[in-house]
>>> print(open('protein.pdb').read())   # PDB, C-alpha atoms and all ligand atoms
ATOM      1  CA  MET A   1      35.279  51.724 -16.051
ATOM      2  CA  SER A   2      34.031  51.079 -12.538
ATOM      3  CA  ASP A   3      32.132  47.891 -13.362
ATOM      4  CA  ILE A   4      35.372  46.139 -14.347
ATOM      5  CA  VAL A   5      36.555  43.944 -11.458
ATOM      6  CA  LEU A   6      39.508  42.264 -13.134
ATOM      7  CA  SER A   7      41.604  43.705 -15.897
ATOM      8  CA  LEU A   8      44.549  42.271 -17.825
ATOM      9  CA  ARG A   9      46.705  44.606 -19.884
ATOM     10  CA  GLY A  10      49.466  43.469 -22.205
ATOM     11  CA  VAL A  11      49.974  40.271 -20.221
ATOM     12  CA  ARG A  12      52.766  38.050 -21.491
ATOM     13  CA  LYS A  13      54.337  34.825 -20.250
ATOM     14  CA  SER A  14      57.387  33.082 -21.618
ATOM     15  CA  TYR A  15      58.919  29.781 -20.621
ATOM     16  CA  GLY A  16      62.486  29.887 -21.898
ATOM     17  CA  ALA A  17      62.403  30.862 -25.538
ATOM     18  CA  SER A  18      58.721  30.071 -26.049
ATOM     19  CA  GLU A  19      56.182  32.782 -25.465
ATOM     20  CA  ILE A  20      52.969  31.083 -24.313
ATOM     21  CA  ILE A  21      50.859  34.196 -23.561
ATOM     22  CA  ARG A  22      51.495  36.894 -26.117
ATOM     23  CA  GLY A  23      49.977  40.189 -24.989
ATOM     24  CA  VAL A  24      46.510  39.537 -23.576
ATOM     25  CA  ASP A  25      44.052  42.364 -22.760
ATOM     26  CA  LEU A  26      40.938  41.133 -20.970
ATOM     27  CA  ASP A  27      38.269  42.807 -18.807
ATOM     28  CA  LEU A  28      35.973  40.915 -16.493
ATOM     29  CA  ARG A  29      32.829  42.853 -15.556
ATOM     30  CA  ALA A  30      31.270  42.714 -12.089
ATOM     31  CA  GLY A  31      28.777  39.853 -11.905
ATOM     32  CA  GLU A  32      29.254  38.561 -15.461
ATOM     33  CA  ARG A  33      29.748  34.961 -16.547
ATOM     34  CA  HIS A  34      32.655  34.973 -18.967
ATOM     35  CA  ALA A  35      33.900  31.857 -20.748
ATOM     36  CA  LEU A  36      37.457  31.464 -22.005
ATOM     37  CA  ILE A  37      37.810  29.019 -24.869
ATOM     38  CA  GLY A  38      40.539  27.972 -27.256
ATOM     39  CA  PRO A  39      42.190  24.920 -28.786
ATOM     40  CA  ASN A  40      44.402  22.592 -26.757
ATOM     41  CA  GLY A  41      47.631  24.281 -25.807
ATOM     42  CA  ALA A  42      46.323  27.799 -26.519
ATOM     43  CA  GLY A  43      47.406  28.907 -23.040
ATOM     44  CA  LYS A  44      44.102  28.940 -21.114
ATOM     45  CA  SER A  45      45.473  27.200 -18.017
ATOM     46  CA  THR A  46      48.583  29.367 -18.153
ATOM     47  CA  LEU A  47      46.397  32.485 -18.184
ATOM     48  CA  PHE A  48      44.543  31.162 -15.121
ATOM     49  CA  HIS A  49      47.880  30.485 -13.378
ATOM     50  CA  LEU A  50      48.841  34.103 -14.043
ATOM     51  CA  ILE A  51      45.570  35.538 -12.714
ATOM     52  CA  SER A  52      45.574  33.363  -9.582
ATOM     53  CA  GLY A  53      49.218  34.121  -8.798
ATOM     54  CA  ASN A  54      50.584  30.608  -9.322
ATOM     55  CA  THR A  55      53.056  32.096 -11.743
ATOM     56  CA  ALA A  56      54.045  35.694 -12.464
ATOM     57  CA  PRO A  57      53.674  37.335 -15.874
ATOM     58  CA  SER A  58      56.825  38.143 -17.848
ATOM     59  CA  ALA A  59      55.233  41.485 -18.758
ATOM     60  CA  GLY A  60      51.962  43.386 -18.394
ATOM     61  CA  GLU A  61      49.563  44.240 -15.587
ATOM     62  CA  ILE A  62      46.786  42.406 -13.789
ATOM     63  CA  VAL A  63      44.476  44.686 -11.806
ATOM     64  CA  PHE A  64      41.846  43.347  -9.410
ATOM     65  CA  GLY A  65      39.605  45.610  -7.335
ATOM     66  CA  GLY A  66      41.726  48.599  -8.262
ATOM     67  CA  GLN A  67      45.028  47.045  -7.150
ATOM     68  CA  ARG A  68      47.814  45.487  -9.172
ATOM     69  CA  ILE A  69      47.971  41.838  -8.149
ATOM     70  CA  ASP A  70      50.625  40.519 -10.542
ATOM     71  CA  GLY A  71      53.471  39.320  -8.351
ATOM     72  CA  TRP A  72      51.167  38.630  -5.357
ATOM     73  CA  SER A  73      51.091  35.139  -3.835
ATOM     74  CA  PRO A  74      48.064  32.904  -4.582
ATOM     75  CA  GLN A  75      47.056  33.151  -0.883
ATOM     76  CA  ARG A  76      47.047  36.933  -0.923
ATOM     77  CA  ILE A  77      45.038  37.012  -4.154
ATOM     78  CA  ALA A  78      42.505  34.544  -2.707
ATOM     79  CA  ARG A  79      42.200  36.620   0.477
ATOM     80  CA  ALA A  80      41.544  39.700  -1.619
ATOM     81  CA  GLY A  81      38.471  37.942  -3.079
ATOM     82  CA  LEU A  82      39.599  36.067  -6.186
ATOM     83  CA  ALA A  83      39.073  32.327  -5.775
ATOM     84  CA  ARG A  84      40.174  29.610  -8.143
ATOM     85  CA  SER A  85      39.066  26.028  -8.399
ATOM     86  CA  PHE A  86      41.564  23.670  -9.977
ATOM     87  CA  GLN A  87      41.264  21.005 -12.649
ATOM     88  CA  ILE A  88      42.793  18.671 -10.095
ATOM     89  CA  THR A  89      40.396  18.181  -7.232
ATOM     90  CA  ASN A  90      41.896  19.506  -4.039
ATOM     91  CA  ILE A  91      39.550  18.066  -1.465
ATOM     92  CA  PHE A  92      40.582  15.892   1.481
ATOM     93  CA  PRO A  93      39.322  12.385   0.586
ATOM     94  CA  LYS A  94      39.528  10.959   4.127
ATOM     95  CA  LEU A  95      37.446  13.750   5.653
ATOM     96  CA  THR A  96      33.673  13.989   5.439
ATOM     97  CA  VAL A  97      31.942  16.430   3.136
ATOM     98  CA  PHE A  98      30.990  18.573   6.143
ATOM     99  CA  GLU A  99      34.568  18.587   7.459
ATOM    100  CA  ASN A 100      35.951  19.573   4.067
ATOM    101  CA  ILE A 101      33.638  22.564   3.788
ATOM    102  CA  ARG A 102      34.250  23.499   7.419
ATOM    103  CA  LEU A 103      37.981  23.640   6.765
ATOM    104  CA  ALA A 104      37.421  26.110   3.951
ATOM    105  CA  VAL A 105      35.009  28.148   6.114
ATOM    106  CA  LEU A 106      37.485  28.139   9.019
ATOM    107  CA  ARG A 107      40.158  29.623   6.824
ATOM    108  CA  ARG A 108      37.938  32.615   6.241
ATOM    109  CA  HIS A 109      36.731  32.954   9.816
ATOM    110  CA  HIS A 110      40.220  32.828  11.245
ATOM    111  CA  LEU A 111      41.081  35.781   9.091
ATOM    112  CA  GLN A 112      37.991  37.863   9.654
ATOM    113  CA  TYR A 113      36.647  37.062  13.082
ATOM    114  CA  ALA A 114      39.724  36.504  15.185
ATOM    115  CA  PHE A 115      38.280  38.866  17.802
ATOM    116  CA  TRP A 116      35.076  36.876  18.299
ATOM    117  CA  ARG A 117      34.406  34.764  21.352
ATOM    118  CA  VAL A 118      35.298  31.154  20.608
ATOM    119  CA  LEU A 119      31.717  29.931  21.060
ATOM    120  CA  ASP A 120      30.251  32.576  18.777
ATOM    121  CA  ARG A 121      32.827  31.690  16.199
ATOM    122  CA  ALA A 122      32.077  27.971  16.391
ATOM    123  CA  THR A 123      28.376  28.708  15.832
ATOM    124  CA  ALA A 124      29.100  31.010  12.904
ATOM    125  CA  VAL A 125      31.406  28.428  11.328
ATOM    126  CA  ARG A 126      28.779  25.693  11.658
ATOM    127  CA  GLU A 127      26.059  27.888  10.207
ATOM    128  CA  ASP A 128      28.190  28.957   7.265
ATOM    129  CA  THR A 129      29.185  25.338   6.614
ATOM    130  CA  GLU A 130      25.540  24.220   6.667
ATOM    131  CA  ARG A 131      24.542  27.051   4.347
ATOM    132  CA  LEU A 132      27.215  26.069   1.832
ATOM    133  CA  LEU A 133      26.248  22.389   2.060
ATOM    134  CA  GLU A 134      22.703  23.368   1.199
ATOM    135  CA  ARG A 135      23.690  25.697  -1.620
ATOM    136  CA  VAL A 136      25.549  22.914  -3.436
ATOM    137  CA  ARG A 137      22.768  20.454  -2.535
ATOM    138  CA  LEU A 138      24.994  18.076  -0.573
ATOM    139  CA  GLN A 139      23.086  18.077   2.757
ATOM    140  CA  ALA A 140      22.299  14.370   2.401
ATOM    141  CA  TYR A 141      26.035  13.625   2.099
ATOM    142  CA  ALA A 142      27.276  15.689   5.032
ATOM    143  CA  THR A 143      28.737  12.662   6.824
ATOM    144  CA  SER A 144      29.984  10.809   3.708
ATOM    145  CA  LEU A 145      33.703  10.578   3.147
ATOM    146  CA  ALA A 146      34.617  12.999   0.373
ATOM    147  CA  GLY A 147      36.794  10.404  -1.370
ATOM    148  CA  GLU A 148      33.861   8.005  -1.655
ATOM    149  CA  MET A 149      31.553  10.434  -3.428
ATOM    150  CA  THR A 150      30.924  10.343  -7.163
ATOM    151  CA  TYR A 151      33.212  12.474  -9.272
ATOM    152  CA  SER A 152      30.412  14.931  -9.965
ATOM    153  CA  ALA A 153      29.546  15.271  -6.259
ATOM    154  CA  GLN A 154      33.226  15.905  -5.530
ATOM    155  CA  ARG A 155      33.128  18.795  -7.964
ATOM    156  CA  SER A 156      30.067  20.195  -6.161
ATOM    157  CA  LEU A 157      32.025  19.934  -2.924
ATOM    158  CA  GLU A 158      34.938  21.703  -4.495
ATOM    159  CA  LEU A 159      32.596  24.465  -5.630
ATOM    160  CA  ALA A 160      31.364  24.909  -2.048
ATOM    161  CA  MET A 161      34.976  25.146  -0.847
ATOM    162  CA  THR A 162      35.740  27.741  -3.510
ATOM    163  CA  LEU A 163      32.717  29.802  -2.443
ATOM    164  CA  ALA A 164      33.568  29.575   1.257
ATOM    165  CA  CYS A 165      35.653  32.748   1.153
ATOM    166  CA  ASP A 166      32.735  34.640  -0.451
ATOM    167  CA  PRO A 167      34.828  35.667  -3.472
ATOM    168  CA  GLN A 168      33.997  38.539  -5.793
ATOM    169  CA  VAL A 169      35.625  36.700  -8.700
ATOM    170  CA  VAL A 170      35.530  32.928  -9.277
ATOM    171  CA  LEU A 171      37.816  31.138 -11.735
ATOM    172  CA  LEU A 172      36.751  27.631 -12.740
ATOM    173  CA  ASP A 173      39.086  25.488 -14.828
ATOM    174  CA  GLU A 174      37.147  22.863 -16.810
ATOM    175  CA  PRO A 175      34.634  22.082 -14.060
ATOM    176  CA  MET A 176      32.743  19.624 -16.290
ATOM    177  CA  ALA A 177      35.771  17.616 -17.439
ATOM    178  CA  GLY A 178      35.019  13.887 -17.304
ATOM    179  CA  MET A 179      31.285  14.303 -16.642
ATOM    180  CA  SER A 180      28.309  12.666 -18.356
ATOM    181  CA  SER A 181      25.872  14.958 -20.161
ATOM    182  CA  GLU A 182      23.411  14.763 -17.242
ATOM    183  CA  GLU A 183      26.140  15.642 -14.744
ATOM    184  CA  THR A 184      27.299  18.460 -17.000
ATOM    185  CA  ALA A 185      23.808  19.975 -17.200
ATOM    186  CA  TYR A 186      23.379  19.627 -13.437
ATOM    187  CA  THR A 187      26.749  21.220 -12.683
ATOM    188  CA  ALA A 188      26.185  24.065 -15.160
ATOM    189  CA  GLU A 189      22.953  24.952 -13.363
ATOM    190  CA  LEU A 190      24.662  24.725  -9.986
ATOM    191  CA  ILE A 191      27.437  27.032 -11.170
ATOM    192  CA  ARG A 192      24.868  29.484 -12.511
ATOM    193  CA  GLU A 193      23.008  29.544  -9.179
ATOM    194  CA  THR A 194      25.966  29.671  -6.830
ATOM    195  CA  THR A 195      27.990  32.266  -8.718
ATOM    196  CA  ALA A 196      25.078  34.695  -9.190
ATOM    197  CA  GLY A 197      26.236  38.161  -8.182
ATOM    198  CA  ARG A 198      29.916  37.243  -8.619
ATOM    199  CA  ALA A 199      32.095  37.521 -11.687
ATOM    200  CA  LEU A 200      32.844  34.112 -13.173
ATOM    201  CA  LEU A 201      35.676  33.273 -15.559
ATOM    202  CA  ILE A 202      35.369  29.706 -16.750
ATOM    203  CA  VAL A 203      37.558  27.589 -19.022
ATOM    204  CA  GLU A 204      35.437  24.926 -20.662
ATOM    205  CA  HIS A 205      35.705  22.670 -23.698
ATOM    206  CA  ASP A 206      32.024  21.726 -23.875
ATOM    207  CA  MET A 207      30.633  24.250 -26.360
ATOM    208  CA  SER A 208      27.000  23.779 -25.351
ATOM    209  CA  VAL A 209      27.985  24.790 -21.807
ATOM    210  CA  VAL A 210      30.082  27.696 -23.031
ATOM    211  CA  PHE A 211      27.333  29.209 -25.146
ATOM    212  CA  ASP A 212      24.634  28.575 -22.589
ATOM    213  CA  LEU A 213      26.435  29.711 -19.451
ATOM    214  CA  GLY A 214      28.708  32.417 -20.839
ATOM    215  CA  GLU A 215      27.245  35.897 -21.204
ATOM    216  CA  ARG A 216      30.489  36.820 -22.938
ATOM    217  CA  VAL A 217      33.066  34.556 -24.497
ATOM    218  CA  SER A 218      36.757  35.210 -25.170
ATOM    219  CA  VAL A 219      38.735  33.098 -27.609
ATOM    220  CA  LEU A 220      42.423  32.426 -27.034
ATOM    221  CA  VAL A 221      44.507  31.085 -29.906
ATOM    222  CA  TYR A 222      48.272  30.599 -29.620
ATOM    223  CA  GLY A 223      48.463  32.876 -26.596
ATOM    224  CA  GLU A 224      46.482  35.724 -28.141
ATOM    225  CA  LEU A 225      42.846  36.728 -27.668
ATOM    226  CA  ILE A 226      41.372  36.834 -31.137
ATOM    227  CA  ALA A 227      37.836  37.784 -30.081
ATOM    228  CA  THR A 228      35.630  38.729 -27.138
ATOM    229  CA  GLY A 229      31.865  39.012 -27.478
ATOM    230  CA  THR A 230      28.429  37.610 -26.796
ATOM    231  CA  PRO A 231      27.845  33.954 -27.727
ATOM    232  CA  ASP A 232      26.068  35.117 -30.908
ATOM    233  CA  GLU A 233      28.950  37.397 -31.854
ATOM    234  CA  ILE A 234      31.456  34.606 -31.253
ATOM    235  CA  ARG A 235      29.411  32.109 -33.266
ATOM    236  CA  ALA A 236      29.305  34.555 -36.173
ATOM    237  CA  HIS A 237      32.950  35.660 -35.916
ATOM    238  CA  ALA A 238      34.758  34.616 -39.069
ATOM    239  CA  GLY A 239      38.183  34.556 -37.433
ATOM    240  CA  VAL A 240      36.960  32.312 -34.634
ATOM    241  CA  ARG A 241      35.323  29.884 -37.021
ATOM    242  CA  GLU A 242      38.407  29.722 -39.138
ATOM    243  CA  ALA A 243      40.939  29.528 -36.323
ATOM    244  CA  TYR A 244      39.215  27.211 -33.990
ATOM    245  CA  LEU A 245      35.603  26.252 -33.952
ATOM    246  CA  GLY A 246      34.702  25.560 -37.534
ATOM    247  CA  GLU A 247      31.551  23.510 -37.910
ATOM    248  CA  GLU A 248      30.881  23.262 -34.190
ATOM    249  CA  VAL A 249      29.905  26.911 -33.923
ATOM    250  CA  ALA A 250      27.669  26.844 -36.941
ATOM    251  CA  ALA A 251      25.600  24.040 -35.392
TER     252      ALA A 251
HETATM  253  N1  LIG B   1      55.707  25.410 -16.896
HETATM  254  C1  LIG B   1      55.765  25.353 -18.227
HETATM  255  N2  LIG B   1      56.952  25.293 -18.872
HETATM  256  C2  LIG B   1      57.027  25.247 -20.200
HETATM  257  N3  LIG B   1      55.956  25.221 -21.010
HETATM  258  C3  LIG B   1      54.741  25.269 -20.463
HETATM  259  C4  LIG B   1      54.571  25.332 -19.044
HETATM  260  N4  LIG B   1      53.248  25.378 -18.780
HETATM  261  C5  LIG B   1      52.632  25.319 -19.965
HETATM  262  N5  LIG B   1      53.518  25.261 -20.980
HETATM  263  C6  LIG B   1      53.188  25.186 -22.410
HETATM  264  O1  LIG B   1      52.309  26.249 -22.694
HETATM  265  C7  LIG B   1      51.375  25.888 -23.695
HETATM  266  C8  LIG B   1      49.980  26.228 -23.234
HETATM  267  O2  LIG B   1      49.590  25.334 -22.214
HETATM  268  P1  LIG B   1      48.234  25.496 -21.388
HETATM  269  O3  LIG B   1      48.110  24.315 -20.503
HETATM  270  O4  LIG B   1      48.166  26.840 -20.778
HETATM  271  O5  LIG B   1      47.162  25.411 -22.560
HETATM  272  P2  LIG B   1      45.597  25.174 -22.474
HETATM  273  O6  LIG B   1      44.985  26.129 -23.443
HETATM  274  O7  LIG B   1      45.139  25.244 -21.070
HETATM  275  O8  LIG B   1      45.479  23.705 -23.034
HETATM  276  P3  LIG B   1      44.389  22.548 -22.733
HETATM  277  O9  LIG B   1      43.117  23.008 -23.357
HETATM  278  O10 LIG B   1      44.965  21.372 -23.443
HETATM  279  O11 LIG B   1      44.299  22.376 -21.248
HETATM  280  C9  LIG B   1      51.611  24.413 -23.998
HETATM  281  O12 LIG B   1      52.344  24.307 -25.195
HETATM  282  C10 LIG B   1      52.419  23.946 -22.805
HETATM  283  O13 LIG B   1      53.286  22.919 -23.185
END
>>> encode(input="protein.pdb", output="structure tokens", more="lines below")
Ligand SMILES: Nc1ncnc2c1ncn2[C@@H]1O[C@H](COP(=O)(O)OP(=O)(O)OP(=O)(O)O)[C@@H](O)[C@H]1O
Amino acid sequence: MSDIVLSLRGVRKSYGASEIIRGVDLDLRAGERHALIGPNGAGKSTLFHLISGNTAPSAGEIVFGGQRIDGWSPQRIARAGLARSFQITNIFPKLTVFENIRLAVLRRHHLQYAFWRVLDRATAVREDTERLLERVRLQAYATSLAGEMTYSAQRSLELAMTLACDPQVVLLDEPMAGMSSEETAYTAELIRETTAGRALLIVEHDMSVVFDLGERVSVLVYGELIATGTPDEIRAHAGVREAYLGEEVAA
């Protein structure tokens, strides 16, 4: 179907004798917010590593924008429009917030506008950086050192850097980990706003976030997807309740 931007077919990953991902089929629709959940060790991070090119599948196909991307480098996948934000913050702590975002913007401009006059390019880079600062509501912190920001503000910064390449697909790996409930609510809203019009695949443990933010939810258990559906379908799914969520889903 043409509204599918990312498609996994029969994806498997083994480390030595242990098969961690055991034949995953998953479709991400254009513009949808899709949450991936599952118990600890189910293979969620591994699946993200496979999609973002950090490791290659042992078998199966990953198709993005009509092209097979399994086996591509992470850089090539990112350039093609699939951006991933990591659990581990990858900002530069000694640079300001503005400089961090500008670095991410520069990466894109160098690729796309190499033919521009230098001055035009500098203006475009500054404007894009300012726009991103505003979108993640960090204008007041433009000159603050990234490493001195609160954890939650650092995640906002990281979101801006992920969006700098204007990706069609965004992968977020536990963006609310370690946050208070206020920070979580704030960040969920920010993610909703800034990823509008893009496909989002998010790994998250906080079930209230998952069921609020996710338009569809997929459940991974021991390397296999046992269900994909709307939050209501997932809440009502007997296999999901039994295998993983239990009482939490009924609440
Ligand atoms: N490079 C590796 N070599 C061997 N085993 C690995 C490797 N990476 C992950 N694993 C194993 O794969 C399994 C799945 O790990 P993964 O981190 O993908 O799970 P997860 O669902 O993201 O878990 P969590 O929710 O705790 O983050 C674990 O048993 C882990 O030990």
>>> closest_atom_pairs(input="protein.pdb", of="region 65-95 of chain A", to="region 6-11 of chain A", cutoff="10 Å", atoms="only C-alpha atoms", output="CSV")
residue,atom,partner,partner_atom,distance
A:Gly65,CA,A:Leu6,CA,6.7
A:Gly66,CA,A:Leu6,CA,8.3
A:Gln67,CA,A:Leu6,CA,9.4
A:Arg68,CA,A:Ser7,CA,9.3
A:Ile69,CA,A:Leu6,CA,9.8
A:Asp70,CA,A:Leu8,CA,9.6
A:Leu82,CA,A:Leu6,CA,9.3
>>> closest_atom_pairs(input="protein.pdb", of="chain A", to="ligand LIG 1 (chain B)", cutoff="9 Å", atoms="all atoms listed in the file", output="Markdown table")
| residue | atom | partner | partner_atom | distance |
| --- | --- | --- | --- | --- |
| A:Ser14 | CA | B:LIG1 | C2 | 8.0 |
| A:Tyr15 | CA | B:LIG1 | C2 | 4.9 |
| A:Gly16 | CA | B:LIG1 | C2 | 7.4 |
| A:Ser18 | CA | B:LIG1 | N3 | 7.5 |
| A:Glu19 | CA | B:LIG1 | O1 | 8.1 |
| A:Ile20 | CA | B:LIG1 | O1 | 5.1 |
| A:Ile21 | CA | B:LIG1 | C8 | 8.0 |
| A:Ile37 | CA | B:LIG1 | O6 | 7.9 |
| A:Gly38 | CA | B:LIG1 | O6 | 6.1 |
| A:Pro39 | CA | B:LIG1 | O9 | 5.8 |
| A:Asn40 | CA | B:LIG1 | O10 | 3.6 |
| A:Gly41 | CA | B:LIG1 | O5 | 3.5 |
| A:Ala42 | CA | B:LIG1 | O6 | 3.7 |
| A:Gly43 | CA | B:LIG1 | O4 | 3.2 |
| A:Lys44 | CA | B:LIG1 | O6 | 3.8 |
| A:Ser45 | CA | B:LIG1 | O7 | 3.6 |
| A:Thr46 | CA | B:LIG1 | O4 | 3.7 |
| A:Leu47 | CA | B:LIG1 | O4 | 6.5 |
| A:Phe48 | CA | B:LIG1 | O4 | 8.0 |
| A:His49 | CA | B:LIG1 | O4 | 8.3 |
| A:Thr55 | CA | B:LIG1 | N1 | 8.8 |
| A:Asp173 | CA | B:LIG1 | O7 | 8.7 |
| A:Glu174 | CA | B:LIG1 | O11 | 8.4 |
| A:Val203 | CA | B:LIG1 | O7 | 8.2 |
| A:Glu204 | CA | B:LIG1 | O9 | 8.4 |
| A:His205 | CA | B:LIG1 | O9 | 7.4 |
| A:Leu220 | CA | B:LIG1 | O6 | 7.7 |
| A:Val221 | CA | B:LIG1 | O6 | 8.2 |
| A:Tyr222 | CA | B:LIG1 | C8 | 7.9 |
| A:Gly223 | CA | B:LIG1 | C8 | 7.6 |
>>> resolve_selection(input="protein.pdb", expression="the PyMOL selection byres (((chain A and resi 80) around 10) and not hetatm)", output="ChimeraX atom specification")
/A:64-65,67,69,74-79,81-83,165,167-169
>>> residues_around(input="protein.pdb", residues="Pro57 (chain A)", least_positions_apart="3", cutoff="8 Å", atoms="only C-alpha atoms", output="list in words")
Val11, Arg12, Lys13, Leu50, Gly60, Asp70 and Gly71 of chain A
>>> closest_residue(input="protein.pdb", among="A:Tyr151, A:Ala185, A:Gly23, A:Glu130", to="Pro93 (chain A)", atoms="all atoms listed in the file")
A:Tyr151
>>> resolve_selection(input="protein.pdb", expression="the PyMOL selection byres (((chain A and resi 230) around 12) and not hetatm)", output="PyMOL selection string")
chain A and resi 32-36+210-219+227-229+231-237
>>> closest_residue(input="protein.pdb", among="A:Met161, A:Ser152, A:Thr123, A:Ser52", to="Arg102 (chain A)", atoms="all atoms listed in the file")
A:Met161
>>> closest_residue(input="protein.pdb", among="A:Val209, A:Leu103, A:Asn90, A:Glu158", to="Glu182 (chain A)", atoms="only C-alpha atoms")
A:Val209
>>> resolve_selection(input="protein.pdb", expression="the PyMOL selection byres (((chain A and resi 105) around 10) and not hetatm)", output="NGL selection string")
:A and (99-104 or 106-110 or 124-129 or 132 or 160-166)
>>> closest_residue(input="protein.pdb", among="A:Asp206, A:Glu242, A:Glu148, A:Glu193", to="Pro175 (chain A)", atoms="only C-alpha atoms")
A:Asp206
>>> atom_distance(input="protein.pdb", atom1="CA of Ile191 (chain A)", atom2="CA of Gly239 (chain A)")
29.4 Å
>>> atom_distance(input="protein.pdb", atom1="CA of Ser156 (chain A)", atom2="CA of Val5 (chain A)")
25.2 Å
>>> atom_distance(input="protein.pdb", atom1="CA of Ala17 (chain A)", atom2="CA of Ser58 (chain A)")
12.0 Å
>>> axis_aligned_box(input="protein.pdb", around="region 92-109 of chain A", padding_each_side="6 Å", output="JSON")
{"center_x": 35.8, "center_y": 22.0, "center_z": 5.2, "size_x": 21.6, "size_y": 34.0, "size_z": 21.2}
>>> decode(input="protein.pdb", residues="region 40-58 of chain A", atoms="N, CA and C atoms", output="JSON list (two decimals), in the first residue's frame")
[["chain", "number", "residue", "atom", "x", "y", "z"],
["A", 40, "ASN", "N", 10.82, -5.94, 29.42],
["A", 40, "ASN", "CA", 12.28, -5.79, 29.36],
["A", 40, "ASN", "C", 12.89, -6.98, 28.63],
["A", 41, "GLY", "N", 13.82, -6.65, 27.73],
["A", 41, "GLY", "CA", 14.53, -7.71, 27.03],
["A", 41, "GLY", "C", 13.76, -8.31, 25.86],
["A", 42, "ALA", "N", 12.60, -7.74, 25.52],
["A", 42, "ALA", "CA", 11.79, -8.28, 24.42],
["A", 42, "ALA", "C", 12.47, -8.10, 23.06],
["A", 43, "GLY", "N", 13.36, -7.09, 22.98],
["A", 43, "GLY", "CA", 14.06, -6.86, 21.72],
["A", 43, "GLY", "C", 13.72, -5.52, 21.06],
["A", 44, "LYS", "N", 13.11, -4.61, 21.81],
["A", 44, "LYS", "CA", 12.67, -3.33, 21.24],
["A", 44, "LYS", "C", 13.86, -2.50, 20.74],
["A", 45, "SER", "N", 14.88, -2.38, 21.60],
["A", 45, "SER", "CA", 16.06, -1.60, 21.18],
["A", 45, "SER", "C", 16.76, -2.28, 20.00],
["A", 46, "THR", "N", 16.80, -3.60, 20.04],
["A", 46, "THR", "CA", 17.43, -4.33, 18.93],
["A", 46, "THR", "C", 16.69, -4.05, 17.63],
["A", 47, "LEU", "N", 15.37, -4.03, 17.69],
["A", 47, "LEU", "CA", 14.58, -3.74, 16.48],
["A", 47, "LEU", "C", 14.89, -2.33, 15.97],
["A", 48, "PHE", "N", 15.03, -1.38, 16.89],
["A", 48, "PHE", "CA", 15.41, -0.01, 16.49],
["A", 48, "PHE", "C", 16.80, 0.00, 15.84],
["A", 49, "HIS", "N", 17.74, -0.75, 16.44],
["A", 49, "HIS", "CA", 19.10, -0.82, 15.86],
["A", 49, "HIS", "C", 19.04, -1.35, 14.43],
["A", 50, "LEU", "N", 18.14, -2.30, 14.19],
["A", 50, "LEU", "CA", 18.02, -2.88, 12.86],
["A", 50, "LEU", "C", 17.45, -1.87, 11.87],
["A", 51, "ILE", "N", 16.42, -1.13, 12.31],
["A", 51, "ILE", "CA", 15.78, -0.17, 11.41],
["A", 51, "ILE", "C", 16.73, 0.98, 11.09],
["A", 52, "SER", "N", 17.48, 1.43, 12.11],
["A", 52, "SER", "CA", 18.35, 2.60, 11.89],
["A", 52, "SER", "C", 19.71, 2.23, 11.32],
["A", 53, "GLY", "N", 19.94, 0.95, 11.08],
["A", 53, "GLY", "CA", 21.17, 0.54, 10.40],
["A", 53, "GLY", "C", 22.37, 0.36, 11.32],
["A", 54, "ASN", "N", 22.15, 0.40, 12.64],
["A", 54, "ASN", "CA", 23.27, 0.20, 13.56],
["A", 54, "ASN", "C", 23.71, -1.25, 13.58],
["A", 55, "THR", "N", 22.81, -2.13, 13.19],
["A", 55, "THR", "CA", 23.19, -3.53, 13.03],
["A", 55, "THR", "C", 22.32, -4.11, 11.91],
["A", 56, "ALA", "N", 22.84, -5.10, 11.22],
["A", 56, "ALA", "CA", 22.11, -5.64, 10.07],
["A", 56, "ALA", "C", 21.29, -6.85, 10.48],
["A", 57, "PRO", "N", 20.11, -7.04, 9.88],
["A", 57, "PRO", "CA", 19.32, -8.22, 10.22],
["A", 57, "PRO", "C", 20.02, -9.51, 9.75],
["A", 58, "SER", "N", 19.73, -10.61, 10.44],
["A", 58, "SER", "CA", 20.25, -11.91, 10.01],
["A", 58, "SER", "C", 19.42, -12.41, 8.84]]
